[in-house]
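Have a look at the structure below before the remarks.
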Amino acid sequence: AAARSAAPPKDLRPGGAYDRFVAEQAAQDKFSGTVLVAHRGRPVLIRAHGMASKEHGTPNRPDTVFWLASITKCFTAIALSQLVQQGKIAFHDTLGTHLAGFPAEIANTVTLHHLLTHTSGIGRPAVGNGSPPGLGWNSFDEAMDGTLALVRQTPLRFAPGTRYEYSNDGFFVLGAIIARVSGQPYFDYVREHIFAPAGMSRTNFHSRPEVLANHAIARPYWTQPSGRADFAASPYAPFTTGPAGGAYSTVTDLLAFARALTAGTLLNPAFTQLITSGKVALPPAQPPSQTQFYGYGHLEAVVNNQRIVGHSGGAPGAATRLDIHPDRNWISIVLSNYDTTINPVVDLSRQLITK
């Protein structure tokens, strides 16, 4: 209780240790993006560094829109859990209960629990890189249908429930189940039932052409041997990374999302606790003092004996992190349009908040 009522420490305020460290990272061209730290739901620090578009000379600003990458999985998990909360679906349901066209050994053994925790065995080789095949797809429907067709043809990589292996494909499958059960396209469902009630007015699923045309969206600069290049303008950028990683947002919209989630606006408190709690132990992290688990579309870490829930995101030209500290009522958000690691920034905020 004392920790919750205490004033924000100076190291997390403007001009403090965290603010200075982020500025140093940006000065060394190790960071480009926006950070936000909030206490009791109110911003304590917002800073933007680097360029949203080097070609057009557009700097990153507090309201710049960034590619969230795998933070999108939080929205997909919440969408599915809303349907569970309404009694329309169950976590133990098998894949074949809701989607046709899968071989029996997949349809009858893979459950929604497996898909949500990356323990399903579903996924093509080298999953989790944020860039699925299908560069010729030109609509959200084509991306969803095309990915599902490829997944249906792919054998299981291991028996469901026997191990953890990160799978973007699994979250495309979850998106298709959300659409089938709700009767709405996945993208429309998330806009209506998550973005709108949370007050996320600048959050959306943007296609590659929209990213190229909209100067309010930070271009993703991926690291190449010759330097950083605009991934969206490359021939390797897909139309969308869909339910696995296709959402775009700002730091203030993500703060609104975190507030809505913790306040019970998106799910009731019991279901919120359920999806954010760890289900599968993850390999040791760095620093090793951090214990990490995967829940339902959420990561849970224990740092200095305190819970942190949220998700990370990584893709060519994107590195993101949403950290919610329920024990201390803090929220820390890092959105970068570089794929250079943001772990030093994240680790410092975690230590300053939990110490």
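Ordered as shown in the structure tokens, chains take letters A, B, and onward, while each chain numbers its residues from 1 and ligands are numbered from 1 in the order shown.
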
For region 92-95 of chain A: contacts at 7 Å, only C-alpha atoms, fewer than 5 positions along chain excluded, given as a tab-separated table (two decimals) with all heavy atoms, in the first residue's frame:
chain	number	residue	atom	x	y	z
A	107	ALA	N	-7.17	-31.64	-35.96
A	107	ALA	CA	-8.51	-31.17	-35.59
A	107	ALA	C	-8.97	-31.73	-34.25
A	107	ALA	O	-9.64	-31.03	-33.48
A	107	ALA	CB	-9.50	-31.54	-36.68
A	108	ASN	N	-8.59	-32.97	-33.94
A	108	ASN	CA	-9.11	-33.64	-32.75
A	108	ASN	C	-8.18	-33.58	-31.55
A	108	ASN	O	-8.55	-34.05	-30.46
A	108	ASN	CB	-9.42	-35.10	-33.07
A	108	ASN	CG	-10.48	-35.25	-34.13
A	108	ASN	OD1	-11.34	-34.39	-34.29
A	108	ASN	ND2	-10.41	-36.34	-34.89
A	109	THR	N	-6.98	-33.03	-31.71
A	109	THR	CA	-6.02	-33.01	-30.59
A	109	THR	C	-5.60	-31.61	-30.16
A	109	THR	O	-5.31	-31.39	-28.99
A	109	THR	CB	-4.76	-33.81	-30.95
A	109	THR	OG1	-4.13	-33.22	-32.10
A	109	THR	CG2	-5.09	-35.26	-31.25
A	110	VAL	N	-5.55	-30.67	-31.09
A	110	VAL	CA	-5.14	-29.31	-30.75
A	110	VAL	C	-6.32	-28.57	-30.12
A	110	VAL	O	-7.42	-28.54	-30.68
A	110	VAL	CB	-4.65	-28.55	-32.00
A	110	VAL	CG1	-4.43	-27.07	-31.68
A	110	VAL	CG2	-3.38	-29.18	-32.54
A	111	THR	N	-6.10	-27.96	-28.96
A	111	THR	CA	-7.14	-27.20	-28.28
A	111	THR	C	-6.84	-25.70	-28.35
A	111	THR	O	-5.72	-25.29	-28.70
A	111	THR	CB	-7.27	-27.60	-26.81
A	111	THR	OG1	-6.05	-27.23	-26.12
A	111	THR	CG2	-7.50	-29.10	-26.67
A	112	LEU	N	-7.82	-24.90	-27.99
A	112	LEU	CA	-7.61	-23.46	-27.94
A	112	LEU	C	-6.55	-23.11	-26.89
A	112	LEU	O	-5.77	-22.17	-27.07
A	112	LEU	CB	-8.92	-22.73	-27.63
A	112	LEU	CG	-10.11	-23.04	-28.55
A	112	LEU	CD1	-11.24	-22.07	-28.30
A	112	LEU	CD2	-9.69	-23.02	-30.02
A	113	HIS	N	-6.53	-23.86	-25.79
A	113	HIS	CA	-5.48	-23.67	-24.78
A	113	HIS	C	-4.10	-23.86	-25.41
A	113	HIS	O	-3.18	-23.06	-25.16
A	113	HIS	CB	-5.68	-24.67	-23.64
A	113	HIS	CG	-4.51	-24.79	-22.71
A	113	HIS	ND1	-4.33	-23.94	-21.64
A	113	HIS	CD2	-3.46	-25.65	-22.69
A	113	HIS	CE1	-3.22	-24.27	-21.00
A	113	HIS	NE2	-2.68	-25.31	-21.62

Mind checking DSSP for region 19-242 of chain A and telling me the helix (DSSP H, G or I) residues as an NGL selection string?
:A and (19-27 or 69-85 or 95-97 or 104-107 or 112-116 or 140-152 or 168-182 or 186-198 or 208-213 or 231-233 or 242)

Which residue gives the smallest distance to His206 (chain A) among A:Ala260, A:Gln85, A:Val181, A:Ala69, with only C-alpha atoms counted?
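Between A:Ala260, A:Gln85, A:Val181, A:Ala69, the residue approaching His206 (chain A) most closely is A:Ala69.
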
Determine, using only C-alpha atoms, which residues of region 112-226 of chain A have any atom at most 6 Å from an atom of region 334-340 of chain A, and tabulate each with its shortest atom pair and distance in Å to one decimal place, rows ordered by chain and then rising number, as a tab-separated table.
residue	atom	partner	partner_atom	distance
A:Pro220	CA	A:Asn337	CA	4.7
A:Tyr221	CA	A:Tyr338	CA	5.1
A:Trp222	CA	A:Asp339	CA	5.7

Straight-line distance linking CA of Asp323 (chain A) with CA of Pro160 (chain A), stated in Å to one decimal:
29.0 Å

Nearest to Phe66 (chain A) among A:Lys279, A:His311, A:Arg219, A:His298, with distances taken over only C-alpha atoms: which residue is it?
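So, comparing all the options, the nearest one is A:Arg219.
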
Considering only C-alpha atoms, can you say which of A:Ile331, A:Val346, A:Ala232, A:Val37 comes closest to Arg259 (chain A)?
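Nearest candidate to Arg259 (chain A) out of A:Ile331, A:Val346, A:Ala232, A:Val37: A:Ile331.
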
For Arg152 (chain A): contacts at 8 Å, only C-alpha atoms, fewer than 3 positions along chain excluded, given as a PyMOL selection string
chain A and resi 101-103+148-149+155

Export of prior selection with C-alpha atoms as an mmCIF file, in the first residue's frame:
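Written output follows (again35.cif):
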data_model
loop_
_atom_site.group_PDB
_atom_site.id
_atom_site.type_symbol
_atom_site.label_atom_id
_atom_site.label_comp_id
_atom_site.auth_asym_id
_atom_site.auth_seq_id
_atom_site.Cartn_x
_atom_site.Cartn_y
_atom_site.Cartn_z
ATOM 1 C CA GLY A 101 -10.395 -28.667 -43.266
ATOM 2 C CA PHE A 102 -7.681 -29.781 -40.846
ATOM 3 C CA PRO A 103 -6.422 -33.377 -40.732
ATOM 4 C CA LEU A 148 -5.056 -20.816 -43.102
ATOM 5 C CA ALA A 149 -4.659 -22.788 -46.329
ATOM 6 C CA PRO A 155 2.047 -31.366 -40.333
#

Within 8 Å of region 188-193 of chain A, which residues of region 8-91 of chain A come that close, and what is the closest atom pair and distance in Å for each? Count only C-alpha atoms and give it as CSV.
residue,atom,partner,partner_atom,distance
A:Phe75,CA,A:Val190,CA,7.0
A:Thr76,CA,A:Val190,CA,7.6
A:Ala79,CA,A:Val190,CA,6.5
